[in-house]
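One file, structure_32.txt, carrying compact mmCIF, C-alpha atoms and all ligand atoms:
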# COMPACT_ATOMS: atom_id res chain seq x y z
CA MET A 1086 0.00 0.00 0.00
CA ASN A 1087 1.46 3.32 -1.03
CA ILE A 1088 -0.29 6.48 0.05
CA ALA A 1089 1.17 9.99 0.01
CA ALA A 1090 1.40 11.57 3.46
CA GLY A 1091 -1.58 13.72 4.26
CA SER A 1092 -3.14 13.10 0.83
CA ASN A 1093 -6.37 11.78 2.30
CA ARG A 1094 -7.83 13.44 5.39
CA SER A 1095 -11.16 11.62 5.26
CA SER A 1096 -12.00 9.31 8.15
CA ARG A 1097 -14.44 7.47 5.85
CA ILE A 1098 -12.25 4.57 4.80
CA ALA A 1099 -14.28 1.88 3.05
CA GLY A 1100 -13.24 -1.66 3.94
CA PHE A 1101 -10.73 -0.49 6.59
CA HIS A 1102 -11.72 -3.41 8.82
CA LYS A 1103 -10.91 -5.92 6.06
CA LEU A 1104 -7.29 -4.77 5.68
CA SER A 1105 -4.27 -6.28 7.40
CA PRO A 1106 -2.89 -4.40 10.45
CA ARG A 1107 0.08 -3.26 8.35
CA ASP A 1108 -2.10 -1.92 5.51
CA ARG A 1109 -4.31 -0.13 8.02
CA LEU A 1110 -1.21 1.36 9.62
CA ASP A 1111 -0.04 2.72 6.27
CA LEU A 1112 -3.39 4.40 5.75
CA VAL A 1113 -3.36 5.87 9.23
CA ALA A 1114 0.22 7.04 8.79
CA ALA A 1115 -0.75 8.81 5.58
CA PHE A 1116 -3.77 10.39 7.24
CA ALA A 1117 -1.82 11.61 10.25
CA GLY A 1118 1.53 12.28 8.55
CA LEU A 1119 3.41 9.89 10.85
CA ASP A 1120 7.16 9.71 10.36
CA ASP A 1121 9.03 6.48 9.60
CA ALA A 1122 10.09 6.01 13.22
CA GLN A 1123 6.49 6.26 14.43
CA VAL A 1124 5.31 3.80 11.79
CA ALA A 1125 8.10 1.35 12.61
CA HIS A 1126 7.28 1.68 16.29
CA LEU A 1127 3.60 0.93 15.81
CA ALA A 1128 4.38 -1.93 13.42
CA ASN A 1129 6.40 -3.63 16.15
CA MET A 1130 3.78 -5.53 18.11
CA GLY A 1131 6.22 -6.78 20.73
CA ASN A 1132 5.23 -10.00 22.41
CA LEU A 1133 1.66 -10.05 21.11
CA ASP A 1134 1.21 -12.04 17.90
CA PRO A 1135 -0.24 -9.65 15.29
CA VAL A 1136 -2.66 -12.36 14.17
CA LEU A 1137 -3.98 -12.67 17.73
CA ALA A 1138 -4.07 -8.89 18.25
CA ASP A 1139 -6.10 -8.57 15.06
CA LYS A 1140 -8.61 -11.08 16.40
CA LEU A 1141 -8.95 -9.55 19.88
CA ILE A 1142 -10.31 -6.19 18.69
CA GLU A 1143 -11.23 -4.46 15.44
CA ASN A 1144 -9.17 -2.25 13.13
CA VAL A 1145 -5.87 -3.10 14.82
CA ILE A 1146 -2.76 -1.16 13.79
CA GLY A 1147 -0.46 -1.84 16.76
CA THR A 1148 -0.23 -2.69 20.43
CA MET A 1149 0.30 -0.62 23.57
CA ASN A 1150 2.93 -2.06 25.85
CA ILE A 1151 2.49 -1.44 29.58
CA PRO A 1152 5.15 -2.63 32.04
CA VAL A 1153 4.33 -5.64 34.20
CA GLY A 1154 5.89 -5.37 37.65
CA VAL A 1155 5.70 -7.94 40.42
CA ALA A 1156 4.61 -7.10 43.97
CA THR A 1157 6.63 -8.99 46.55
CA ASN A 1158 6.05 -9.64 50.28
CA MET A 1159 2.40 -10.61 49.80
CA LYS A 1160 1.10 -13.34 52.07
CA ILE A 1161 -2.56 -14.07 51.50
CA ASP A 1162 -4.46 -16.56 53.65
CA GLY A 1163 -1.15 -17.96 54.84
CA GLU A 1164 0.29 -18.47 51.36
CA ASP A 1165 3.07 -16.39 49.80
CA VAL A 1166 2.11 -14.95 46.43
CA LEU A 1167 4.00 -12.97 43.81
CA VAL A 1168 1.53 -10.59 42.19
CA PRO A 1169 2.00 -9.34 38.61
CA MET A 1170 0.72 -5.81 38.08
CA ALA A 1171 0.38 -4.05 34.72
CA THR A 1172 0.50 -0.30 35.15
CA GLU A 1173 2.07 2.78 33.64
CA GLU A 1174 2.12 4.62 36.99
CA SER A 1175 5.34 4.71 38.98
CA SER A 1176 5.17 3.96 42.74
CA VAL A 1177 2.14 1.67 42.42
CA VAL A 1178 4.05 -1.64 42.58
CA ALA A 1179 6.48 -0.30 45.20
CA ALA A 1180 3.56 0.81 47.37
CA VAL A 1181 2.09 -2.69 47.49
CA CYS A 1182 5.51 -4.21 48.29
CA ASN A 1183 5.99 -1.74 51.17
CA ALA A 1184 2.53 -2.19 52.65
CA ALA A 1185 2.83 -5.98 52.47
CA LYS A 1186 6.30 -5.94 54.05
CA GLN A 1187 4.95 -4.12 57.10
CA VAL A 1188 2.32 -6.83 57.68
CA TYR A 1189 4.16 -9.86 56.30
CA GLU A 1190 4.08 -11.82 59.55
CA THR A 1191 0.28 -12.10 59.62
CA GLY A 1192 -0.43 -11.17 56.01
CA PHE A 1193 -3.87 -10.65 54.51
CA LEU A 1194 -6.97 -12.70 55.23
CA THR A 1195 -9.60 -12.84 52.52
CA SER A 1196 -13.07 -14.15 51.71
CA VAL A 1197 -15.75 -13.87 49.01
CA SER A 1198 -19.53 -13.77 48.98
CA GLY A 1199 -19.78 -16.12 45.98
CA ASN A 1200 -19.46 -16.18 42.19
CA LEU A 1201 -22.90 -14.81 41.43
CA MET A 1202 -23.47 -12.47 38.49
CA ILE A 1203 -26.68 -10.59 37.78
CA ALA A 1204 -28.30 -10.14 34.37
CA GLN A 1205 -31.09 -7.59 33.98
CA VAL A 1206 -34.10 -7.80 31.66
CA GLN A 1207 -35.97 -4.50 31.35
CA ALA A 1208 -39.70 -4.61 30.59
CA VAL A 1209 -41.59 -1.36 29.86
CA GLU A 1210 -45.19 -0.44 29.09
CA VAL A 1211 -46.47 -2.98 31.58
CA ALA A 1212 -50.11 -2.29 32.48
CA ASP A 1213 -49.98 -4.05 35.85
CA PRO A 1214 -46.36 -4.01 37.09
CA ALA A 1215 -47.16 -5.50 40.51
CA GLY A 1216 -49.07 -8.38 38.93
CA ALA A 1217 -46.36 -8.85 36.29
CA ARG A 1218 -43.75 -9.15 39.01
CA ILE A 1219 -45.65 -12.01 40.66
CA ARG A 1220 -46.33 -13.73 37.31
CA ILE A 1221 -42.60 -13.71 36.50
CA LEU A 1222 -41.64 -14.95 39.97
CA GLU A 1223 -44.10 -17.85 39.50
CA LYS A 1224 -42.06 -18.96 36.47
CA ARG A 1225 -38.91 -19.57 38.50
CA ASP A 1226 -38.58 -23.26 37.54
CA GLU A 1227 -39.13 -22.53 33.86
CA ILE A 1228 -36.62 -19.66 34.03
CA LYS A 1229 -34.04 -21.84 35.77
CA ALA A 1230 -34.43 -24.56 33.13
CA ALA A 1231 -34.13 -22.06 30.26
CA CYS A 1232 -31.04 -20.41 31.78
CA ASP A 1233 -29.31 -23.71 32.50
CA ALA A 1234 -30.08 -24.97 29.01
CA CYS A 1235 -28.09 -22.01 27.63
CA ASP A 1236 -24.86 -23.27 29.18
CA PRO A 1237 -24.70 -27.00 29.96
CA VAL A 1238 -20.91 -26.79 30.41
CA LEU A 1239 -21.32 -24.19 33.15
CA VAL A 1240 -23.92 -26.41 34.81
CA SER A 1241 -21.60 -29.44 34.57
CA LEU A 1242 -18.95 -27.38 36.38
CA GLY A 1243 -21.35 -26.69 39.24
CA GLY A 1244 -22.59 -23.30 38.02
CA GLY A 1245 -25.84 -22.10 36.48
CA PHE A 1246 -29.05 -20.34 37.53
CA ARG A 1247 -29.31 -19.67 41.27
CA ASP A 1248 -31.95 -17.07 41.95
CA LEU A 1249 -34.57 -14.74 40.56
CA GLU A 1250 -35.56 -11.22 41.60
CA VAL A 1251 -38.10 -8.90 40.03
CA ARG A 1252 -37.83 -5.20 40.86
CA LEU A 1253 -40.25 -2.39 40.09
CA LEU A 1254 -38.59 0.87 39.11
CA ASP A 1255 -40.42 4.18 39.03
CA THR A 1256 -39.27 6.17 36.00
CA PRO A 1257 -40.57 9.24 34.12
CA SER A 1258 -42.13 6.94 31.51
CA GLY A 1259 -43.85 4.67 34.00
CA THR A 1260 -43.02 1.71 36.20
CA MET A 1261 -40.45 -0.62 34.71
CA VAL A 1262 -40.40 -4.29 35.60
CA VAL A 1263 -36.77 -5.34 35.92
CA THR A 1264 -36.01 -9.04 36.20
CA HIS A 1265 -32.68 -10.11 37.70
CA LEU A 1266 -31.32 -13.51 36.72
CA ILE A 1267 -28.75 -14.51 39.31
CA VAL A 1268 -26.24 -16.98 37.98
CA ASP A 1269 -23.20 -18.75 39.39
CA THR A 1270 -20.62 -18.31 36.65
CA ARG A 1271 -17.85 -20.28 38.44
CA ASP A 1272 -14.43 -19.44 37.00
CA ALA A 1273 -15.74 -17.25 34.18
CA MET A 1274 -16.26 -13.54 34.59
CA GLY A 1275 -19.60 -14.55 33.18
CA ALA A 1276 -20.70 -11.65 30.99
CA ASN A 1277 -21.28 -13.86 27.96
CA ALA A 1278 -23.06 -16.54 29.94
CA VAL A 1279 -25.54 -14.21 31.64
CA ASN A 1280 -26.10 -12.01 28.59
CA THR A 1281 -27.02 -15.11 26.58
CA MET A 1282 -29.49 -16.16 29.28
CA ALA A 1283 -31.05 -12.70 29.45
CA GLU A 1284 -31.52 -12.59 25.68
CA LYS A 1285 -33.01 -16.09 25.66
CA LEU A 1286 -35.51 -15.22 28.41
CA ALA A 1287 -36.54 -11.85 26.98
CA PRO A 1288 -39.47 -12.99 24.77
CA SER A 1289 -40.96 -15.00 27.64
CA ILE A 1290 -40.61 -12.08 30.03
CA ALA A 1291 -42.30 -9.83 27.49
CA ALA A 1292 -45.16 -12.33 27.27
CA TRP A 1293 -45.52 -12.88 31.04
CA SER A 1294 -45.34 -9.17 31.83
CA GLY A 1295 -47.56 -8.12 28.95
CA GLY A 1296 -45.03 -5.36 28.21
CA ARG A 1297 -42.15 -4.76 25.87
CA VAL A 1298 -38.58 -5.82 26.61
CA TYR A 1299 -35.70 -3.50 25.77
CA LEU A 1300 -32.39 -4.13 27.56
CA ARG A 1301 -31.00 -7.59 28.32
CA ILE A 1302 -27.55 -7.24 29.84
CA LEU A 1303 -25.46 -8.01 32.92
CA SER A 1304 -25.10 -5.56 35.79
CA ASN A 1305 -21.55 -4.51 36.61
CA LEU A 1306 -22.72 -3.80 40.13
CA ALA A 1307 -21.79 -7.39 40.95
CA ASP A 1308 -22.79 -7.12 44.60
CA ARG A 1309 -23.28 -10.86 44.86
CA ARG A 1310 -19.66 -11.37 43.92
CA LEU A 1311 -17.94 -9.43 46.65
CA ALA A 1312 -14.33 -9.98 47.58
CA ARG A 1313 -13.02 -8.98 50.98
CA ALA A 1314 -9.60 -8.66 52.54
CA ARG A 1315 -8.42 -7.59 55.96
CA ALA A 1316 -5.10 -7.08 57.68
CA VAL A 1317 -3.83 -5.78 61.01
CA TRP A 1318 -0.75 -3.58 60.90
CA LYS A 1319 0.96 -3.39 64.28
CA ALA A 1320 1.32 0.23 65.38
CA ALA A 1321 4.99 -0.43 66.20
CA ASP A 1322 5.64 -1.75 62.66
CA ILE A 1323 4.25 1.30 60.89
CA GLY A 1324 5.96 4.09 62.79
CA GLY A 1325 3.90 4.32 65.94
CA GLU A 1326 0.56 5.59 67.16
CA ALA A 1327 0.77 8.98 65.47
CA VAL A 1328 1.13 7.32 62.06
CA ARG A 1329 -1.69 4.90 62.90
CA ASP A 1330 -3.96 7.76 63.92
CA GLY A 1331 -3.06 9.72 60.79
CA ILE A 1332 -4.14 6.76 58.66
CA VAL A 1333 -7.43 6.42 60.55
CA SER A 1334 -8.04 10.13 60.12
CA ALA A 1335 -7.30 9.86 56.38
CA TYR A 1336 -9.85 7.05 56.14
CA GLU A 1337 -12.45 9.03 58.09
CA PHE A 1338 -11.93 11.95 55.72
CA ALA A 1339 -12.66 9.65 52.73
CA ALA A 1340 -15.61 8.05 54.50
CA ALA A 1341 -17.16 11.47 55.09
CA ASP A 1342 -16.35 13.29 51.86
CA PRO A 1343 -16.99 12.13 48.26
CA TYR A 1344 -14.30 14.53 46.94
CA ARG A 1345 -11.71 12.74 49.03
CA ALA A 1346 -13.32 9.29 48.57
CA ALA A 1347 -12.91 9.56 44.79
CA THR A 1348 -9.14 9.99 45.18
CA HIS A 1349 -8.90 7.44 47.98
CA ASN A 1350 -10.70 4.84 45.83
CA LYS A 1351 -8.67 5.83 42.78
CA GLY A 1352 -5.60 4.83 44.74
CA ILE A 1353 -7.20 1.49 45.59
CA MET A 1354 -7.97 0.97 41.91
CA ASN A 1355 -4.32 1.70 41.05
CA GLY A 1356 -3.59 -1.71 42.55
CA ILE A 1357 -6.77 -3.50 41.61
CA SER A 1358 -6.86 -2.46 37.94
CA ALA A 1359 -3.18 -3.33 37.56
CA VAL A 1360 -3.78 -6.97 38.53
CA VAL A 1361 -7.05 -7.09 36.60
CA LEU A 1362 -5.22 -5.88 33.49
CA ALA A 1363 -2.21 -8.16 33.98
CA THR A 1364 -4.54 -11.16 34.10
CA GLY A 1365 -6.45 -10.11 30.96
CA ASN A 1366 -9.62 -9.29 32.87
CA ASP A 1367 -12.00 -6.40 32.20
CA THR A 1368 -10.71 -3.34 34.06
CA ARG A 1369 -13.77 -1.25 33.18
CA ALA A 1370 -16.19 -3.84 34.53
CA VAL A 1371 -14.32 -4.04 37.83
CA GLU A 1372 -13.97 -0.25 38.08
CA ALA A 1373 -17.68 0.33 37.34
CA GLY A 1374 -18.61 -2.24 39.98
CA ALA A 1375 -16.25 -0.78 42.57
CA HIS A 1376 -17.46 2.79 42.21
CA ALA A 1377 -21.14 1.80 42.07
CA TYR A 1378 -20.61 -0.25 45.23
CA ALA A 1379 -18.90 2.70 46.90
CA ALA A 1380 -22.07 4.72 46.23
CA ARG A 1381 -24.55 2.03 47.30
CA SER A 1382 -25.83 3.97 50.31
CA GLY A 1383 -26.71 6.92 48.08
CA ARG A 1384 -23.51 8.75 49.06
CA TYR A 1385 -20.16 7.88 47.50
CA THR A 1386 -17.72 6.74 50.17
CA SER A 1387 -14.56 4.74 50.92
CA LEU A 1388 -14.15 1.11 49.81
CA THR A 1389 -11.87 0.48 52.80
CA THR A 1390 -12.19 0.92 56.54
CA TYR A 1391 -9.53 1.58 59.22
CA GLU A 1392 -9.98 1.22 62.96
CA VAL A 1393 -7.81 0.91 66.04
CA ASP A 1394 -8.28 -2.56 67.54
CA LYS A 1395 -8.28 -3.46 71.23
CA ASP A 1396 -4.49 -3.92 71.17
CA GLY A 1397 -3.92 -0.50 69.67
CA ASN A 1398 -3.10 -1.83 66.21
CA LEU A 1399 -4.45 -0.72 62.86
CA SER A 1400 -7.25 -3.01 61.71
CA ALA A 1401 -8.01 -2.47 58.01
CA SER A 1402 -10.46 -4.02 55.57
CA ILE A 1403 -11.78 -3.74 52.03
CA GLU A 1404 -14.93 -5.07 50.38
CA LEU A 1405 -15.91 -4.61 46.74
CA PRO A 1406 -17.44 -6.46 43.79
CA LEU A 1407 -14.75 -8.31 41.86
CA ALA A 1408 -16.08 -9.94 38.72
CA VAL A 1409 -12.97 -11.59 37.33
CA GLY A 1410 -12.43 -14.89 35.60
CA LEU A 1411 -9.83 -17.37 34.47
CA ILE A 1412 -11.55 -18.46 31.30
CA GLY A 1413 -12.99 -16.54 28.40
CA GLY A 1414 -11.80 -13.45 26.58
CA ALA A 1415 -8.25 -12.22 26.92
CA THR A 1416 -7.65 -14.21 30.14
CA LYS A 1417 -7.53 -17.37 28.08
CA VAL A 1418 -5.90 -16.23 24.85
CA HIS A 1419 -3.53 -13.41 25.75
CA PRO A 1420 -0.16 -15.05 26.42
CA THR A 1421 0.90 -12.36 28.91
CA ALA A 1422 -2.31 -12.87 30.86
CA ARG A 1423 -1.74 -16.64 30.88
CA ALA A 1424 1.79 -16.16 32.16
CA CYS A 1425 0.63 -13.73 34.85
CA LEU A 1426 -2.02 -16.20 35.99
CA ALA A 1427 0.71 -18.85 36.12
CA ILE A 1428 2.84 -16.57 38.35
CA LEU A 1429 -0.14 -16.16 40.67
CA GLY A 1430 -0.71 -19.90 40.63
CA VAL A 1431 -4.47 -19.43 40.87
CA THR A 1432 -6.83 -22.20 39.84
CA THR A 1433 -10.12 -20.48 40.67
CA ALA A 1434 -11.61 -17.08 39.89
CA GLU A 1435 -12.45 -16.83 43.57
CA ARG A 1436 -8.79 -17.01 44.60
CA LEU A 1437 -7.89 -14.41 41.99
CA ALA A 1438 -10.58 -12.07 43.34
CA ARG A 1439 -9.28 -12.55 46.89
CA ILE A 1440 -5.72 -11.72 45.87
CA ILE A 1441 -6.90 -8.63 44.00
CA ALA A 1442 -8.84 -7.41 47.05
CA ALA A 1443 -5.71 -7.80 49.20
CA VAL A 1444 -3.69 -5.79 46.66
CA GLY A 1445 -6.32 -3.03 46.78
CA LEU A 1446 -6.02 -2.86 50.56
CA ALA A 1447 -2.21 -2.86 50.47
CA GLN A 1448 -2.23 -0.09 47.87
CA ASN A 1449 -4.58 2.02 49.95
CA PHE A 1450 -2.60 1.50 53.17
CA SER A 1451 0.58 2.75 51.52
CA ALA A 1452 -1.10 5.79 50.01
CA LEU A 1453 -2.73 6.77 53.33
CA LYS A 1454 0.48 6.22 55.25
CA ALA A 1455 2.45 8.41 52.86
CA LEU A 1456 -0.26 11.07 52.80
CA ALA A 1457 -0.55 11.11 56.59
CA THR A 1458 3.22 11.41 57.08
CA THR A 1459 5.79 12.64 54.56
CA GLY A 1460 3.31 13.31 51.76
CA ILE A 1461 3.05 11.45 48.50
CA GLN A 1462 5.50 13.47 46.45
CA LYS A 1463 8.75 12.40 48.14
CA GLY A 1464 8.54 8.73 47.20
CA HIS A 1465 6.60 9.39 44.04
CA MET A 1466 9.07 11.93 42.75
CA ALA A 1467 12.04 9.59 43.08
CA LEU A 1468 10.38 7.23 40.62
CA HIS A 1469 8.78 9.98 38.57
CA ALA A 1470 12.24 11.51 38.14
CA GLN A 1471 13.19 8.56 35.97
CA ASN A 1472 10.27 9.24 33.62
CA ILE A 1473 11.18 12.92 33.46
CA ALA A 1474 14.81 11.99 32.74
CA MET A 1475 13.71 9.79 29.84
CA MET A 1476 11.35 12.46 28.55
CA ALA A 1477 14.28 14.89 28.57
CA GLY A 1478 16.19 12.47 26.33
CA ALA A 1479 18.33 10.51 28.81
CA VAL A 1480 19.19 6.99 27.67
CA GLY A 1481 20.86 3.99 29.30
CA GLU A 1482 22.87 4.85 32.41
CA GLU A 1483 22.06 8.54 31.97
CA ILE A 1484 18.51 7.86 33.19
CA ASP A 1485 19.52 6.93 36.76
CA ARG A 1486 22.16 9.66 36.96
CA VAL A 1487 19.81 12.41 35.81
CA ALA A 1488 16.99 11.12 38.01
CA ARG A 1489 19.25 11.05 41.07
CA LEU A 1490 20.42 14.61 40.46
CA LEU A 1491 16.85 15.83 40.00
CA VAL A 1492 15.85 14.33 43.35
CA GLU A 1493 18.99 15.69 45.07
CA ARG A 1494 18.15 19.15 43.79
CA ALA A 1495 14.50 18.67 44.81
CA SER A 1496 13.47 19.81 41.37
CA VAL A 1497 11.88 17.03 39.31
CA ARG A 1498 11.00 19.17 36.30
CA MET A 1499 11.43 18.80 32.58
CA ASP A 1500 13.39 22.05 32.12
CA VAL A 1501 15.75 21.13 34.95
CA ALA A 1502 16.13 17.59 33.55
CA GLN A 1503 17.25 18.99 30.20
CA LYS A 1504 19.93 21.13 31.88
CA VAL A 1505 21.05 18.24 34.10
CA LEU A 1506 21.28 15.96 31.07
CA GLU A 1507 23.55 18.48 29.36
CA GLU A 1508 25.72 18.58 32.49
CA VAL A 1509 25.88 14.79 32.66
CA ARG A 1510 26.83 14.54 28.98
CA GLY A 1511 29.43 17.29 29.36
CA SER A 1512 31.08 15.78 32.46
C1 LIG A 1601 -2.35 8.48 43.07
O1 LIG A 1601 -2.39 7.74 41.88
C2 LIG A 1601 -3.20 7.83 44.14
C3 LIG A 1601 -3.36 8.64 45.42
O2 LIG A 1601 -3.85 9.94 45.12
C4 LIG A 1601 -4.34 7.89 46.30
C5 LIG A 1601 -4.80 8.66 47.52
O3 LIG A 1601 -4.78 9.90 47.52
O4 LIG A 1601 -5.25 7.96 48.45
C6 LIG A 1601 -2.04 8.82 46.14
Exercise: express the given structure as structure tokens:
Amino acid sequence: MNIAAGSNRSSRIAGFHKLSPRDRLDLVAAFAGLDDAQVAHLANMGNLDPVLADKLIENVIGTMNIPVGVATNMKIDGEDVLVPMATEESSVVAAVCNAAKQVYETGFLTSVSGNLMIAQVQAVEVADPAGARIRILEKRDEIKAACDACDPVLVSLGGGFRDLEVRLLDTPSGTMVVTHLIVDTRDAMGANAVNTMAEKLAPSIAAWSGGRVYLRILSNLADRRLARARAVWKAADIGGEAVRDGIVSAYEFAAADPYRAATHNKGIMNGISAVVLATGNDTRAVEAGAHAYAARSGRYTSLTTYEVDKDGNLSASIELPLAVGLIGGATKVHPTARACLAILGVTTAERLARIIAAVGLAQNFSALKALATTGIQKGHMALHAQNIAMMAGAVGEEIDRVARLLVERASVRMDVAQKVLEEVRGS
């Protein structure tokens, strides 16, 4: 394919999806006027087979590499675990290592509420919503049979339909009748399984309700698939009572204030999303579930809690929906995800969810400890300095030297990095 740079600025490209990644890249390069180095960079798909990349999503032209780091010191339910984390943010992996080190002796204890996913079927224009609700509930056995028939493999693995709920929602266009299919999806995240069931049931629900069915889709508020973790940091191991009290106060701030809770939970998701991504799971599904759960009382609040226990130690916990799986989608086919799951040594989705919850708690502990003591910038800047050094053009050994000098001068800035790099090169 040979297209002059900038010769075609139309985004209407017939048959774009049918082209190879390389041919698409040439078209995009021409559109955007990319230089040869940019094209070569995008054409290098690293450790993801271009054929596989092209099958995972549409209109592929390249891949986006994110570093995978490993969190050490984690002991979860008495077992040592090395946790792979995919993130572009410096300090995130180090924070988990530090938090876990300070509680290594007792580690993290975890649990789950189950593997239940919810699919919603929305019926509108129902003349008698209360009656429709009862009529649908009466069909429980029929609904169970229809759901289980959608996925005999899931049933053979011990999963399948578990429960039925019908909710009435007042909306500006009348009362909606919303049926919840509650399904044990075992080691799958379960979106495909429950969406198939919801679509299968939709015509029957329309008939039983006497209304019209619109949406048939899972809920990411997976509040029947909660993962929990707890840990007790000894006051003496974390710098004493003042540090402990600072952490509790930081938590109470987040618990009371949605502005702070958003940042507090963002920090938790730094850890959680990194493991979710490393294992090929759906970061957006987990994030949507976490934030919706944080707002379940009607006011957005903290996903973690911190208290002082009877011995004066810091007792911390986290609870959130964690819809992750080991089979299906990228978890099964992405080789990096497979390798990360092998590092974790998990054989069930439940264990993966428990590990991820513990990482979220560790991440949050470190952030609160830093914020309540020295502030976040000191530790963050040491790592951030390396990024700034690279952005300023440092390569190889120059990166560490420039970064060190930036930290020593307490000035981790691009303009300073450029001057320091010149000094380093001139010395
Ligand atoms: C930065 O990515 C995350 C923090 O802002 C989290 C927090 O404030 O708790 C440090």
List as a ChimeraX atom specification the protein and nucleic acid residues lying within 10 Å of ligand LIG 1601 (chain A), with only C-alpha atoms and all ligand atoms counted.
/A:1174-1177,1180,1335-1336,1339,1345-1356,1448-1457,1460-1462,1465
I need the residue nearest Val1371 (chain A) from this list: A:Gly1430, A:Gly1397, A:Gly1383, A:Gly1410. Use only C-alpha atoms for the distance.
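Among the listed residues, the smallest separation from Val1371 (chain A) belongs to A:Gly1410.
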Got a sec to check which residues sit within 9 Å of (-11.3, -11.3, 35.1), counting only C-alpha atoms, and write them as a list in words?
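Checking each residue against the 9 Å limit leaves Asp1272, Ala1273, Met1274, Val1361, Leu1362, Thr1364, Gly1365, Asn1366, Asp1367, Thr1368, Ala1370, Val1371, Leu1407, Ala1408, Val1409, Gly1410, Leu1411, Ile1412, Gly1413, Gly1414, Ala1415, Thr1416, Ala1434, Leu1437 and Ala1438 of chain A.
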Once you add 6 Å to each side, what are the centre and edge lengths of the axis-aligned box holding all listed atoms of region 1242-1261 of chain A? One decimal in Å, as JSON, if you can.
{"center_x": -31.4, "center_y": -9.1, "center_z": 36.7, "size_x": 36.9, "size_y": 48.6, "size_z": 22.4}
Shell of 9 Å around Val1153 (chain A), all atoms listed in the file, local chain residues under 5 positions omitted, as a PyMOL selection string:
chain A and resi 1169-1173+1359+1363+1425
Selection file, C-alpha atoms, as a CSV table (one decimal), keeping the file's coordinate frame:
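Heads up, here's the output in part05.csv:
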chain,number,residue,atom,x,y,z
A,1169,PRO,CA,2.0,-9.3,38.6
A,1170,MET,CA,0.7,-5.8,38.1
A,1171,ALA,CA,0.4,-4.0,34.7
A,1172,THR,CA,0.5,-0.3,35.2
A,1173,GLU,CA,2.1,2.8,33.6
A,1359,ALA,CA,-3.2,-3.3,37.6
A,1363,ALA,CA,-2.2,-8.2,34.0
A,1425,CYS,CA,0.6,-13.7,34.8
Which residue of A:Val1418, A:Leu1388, A:Leu1222, A:Asn1150 approaches Gly1131 (chain A) most closely, using all atoms listed in the file
A:Asn1150
So which residues touch Glu1223 (chain A) within 12 Å, counting only C-alpha atoms, skipping near sequence neighbours fewer than 3 positions away, as a PyMOL selection string?
chain A and resi 1216-1220+1226-1229+1249-1251+1290+1293-1294
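Going from CA of Leu1242 (chain A) to CA of Glu1284 (chain A) covers 22.2 Å.
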Residue with smallest distance to Gln1207 (chain A) - pool A:Arg1247, A:Pro1288, A:Ala1128, A:Gly1154, counting only C-alpha atoms
A:Pro1288
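In terms of minimum interatomic distance to Met1202 (chain A), A:His1265 ranks closest within A:Arg1301, A:His1265, A:Lys1395, A:Arg1094, counting all atoms listed in the file.
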Extract, using all atoms listed in the file, all DNA, RNA and protein residues at most 12 Å from Val1492 (chain A), discarding same-chain residues fewer than 6 positions from it, and format them as a list in words.
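Neighbouring residues, sequence-local ones excluded: Gln1462, Lys1463, Gly1464, His1465, Met1466, Ala1467, Leu1468, His1469, Ala1470, Gln1471, Ile1473, Ala1474, Asp1485, Arg1486, Arg1498, Val1501, Ala1502 and Val1505 of chain A.
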Would you compute the distance between CA of Val1317 (chain A) and CA of Val1188 (chain A)? Give it in Å to one decimal.
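Answer for the CA of Val1317 (chain A) to CA of Val1188 (chain A) separation: 7.1 Å.
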If you measure from CA of Ala1278 (chain A) to CA of Leu1201 (chain A), what distance in Å do you get, rounded to one decimal?
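Spanning CA of Ala1278 (chain A) to CA of Leu1201 (chain A) is a straight-line distance of 11.6 Å.
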Close residues, Val1268 (chain A) itself excluded, 10 Å, only C-alpha atoms, min 4 positions apart in chain, as a PDB file with C-alpha atoms, keeping the file's coordinate frame:
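The resulting result_39.pdb:
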ATOM      1  CA  ASN A1200     -19.460 -16.180  42.190  1.00  0.00           C
ATOM      2  CA  LEU A1201     -22.900 -14.810  41.430  1.00  0.00           C
ATOM      3  CA  MET A1202     -23.470 -12.470  38.490  1.00  0.00           C
ATOM      4  CA  ILE A1203     -26.680 -10.590  37.780  1.00  0.00           C
ATOM      5  CA  ALA A1204     -28.300 -10.140  34.370  1.00  0.00           C
ATOM      6  CA  LYS A1229     -34.040 -21.840  35.770  1.00  0.00           C
ATOM      7  CA  CYS A1232     -31.040 -20.410  31.780  1.00  0.00           C
ATOM      8  CA  ASP A1233     -29.310 -23.710  32.500  1.00  0.00           C
ATOM      9  CA  LEU A1239     -21.320 -24.190  33.150  1.00  0.00           C
ATOM     10  CA  GLY A1244     -22.590 -23.300  38.020  1.00  0.00           C
ATOM     11  CA  GLY A1245     -25.840 -22.100  36.480  1.00  0.00           C
ATOM     12  CA  PHE A1246     -29.050 -20.340  37.530  1.00  0.00           C
ATOM     13  CA  ARG A1247     -29.310 -19.670  41.270  1.00  0.00           C
ATOM     14  CA  ASP A1248     -31.950 -17.070  41.950  1.00  0.00           C
ATOM     15  CA  LEU A1249     -34.570 -14.740  40.560  1.00  0.00           C
ATOM     16  CA  GLY A1275     -19.600 -14.550  33.180  1.00  0.00           C
ATOM     17  CA  ALA A1278     -23.060 -16.540  29.940  1.00  0.00           C
ATOM     18  CA  VAL A1279     -25.540 -14.210  31.640  1.00  0.00           C
ATOM     19  CA  MET A1282     -29.490 -16.160  29.280  1.00  0.00           C
ATOM     20  CA  ARG A1309     -23.280 -10.860  44.860  1.00  0.00           C
TER      21      ARG A1309
END
From A:Val1487, A:Lys1160, A:Arg1423, A:Ala1495, residue lying nearest Glu1508 (chain A) [all atoms listed in the file]
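For Glu1508 (chain A), the nearest of the given residues is A:Val1487.
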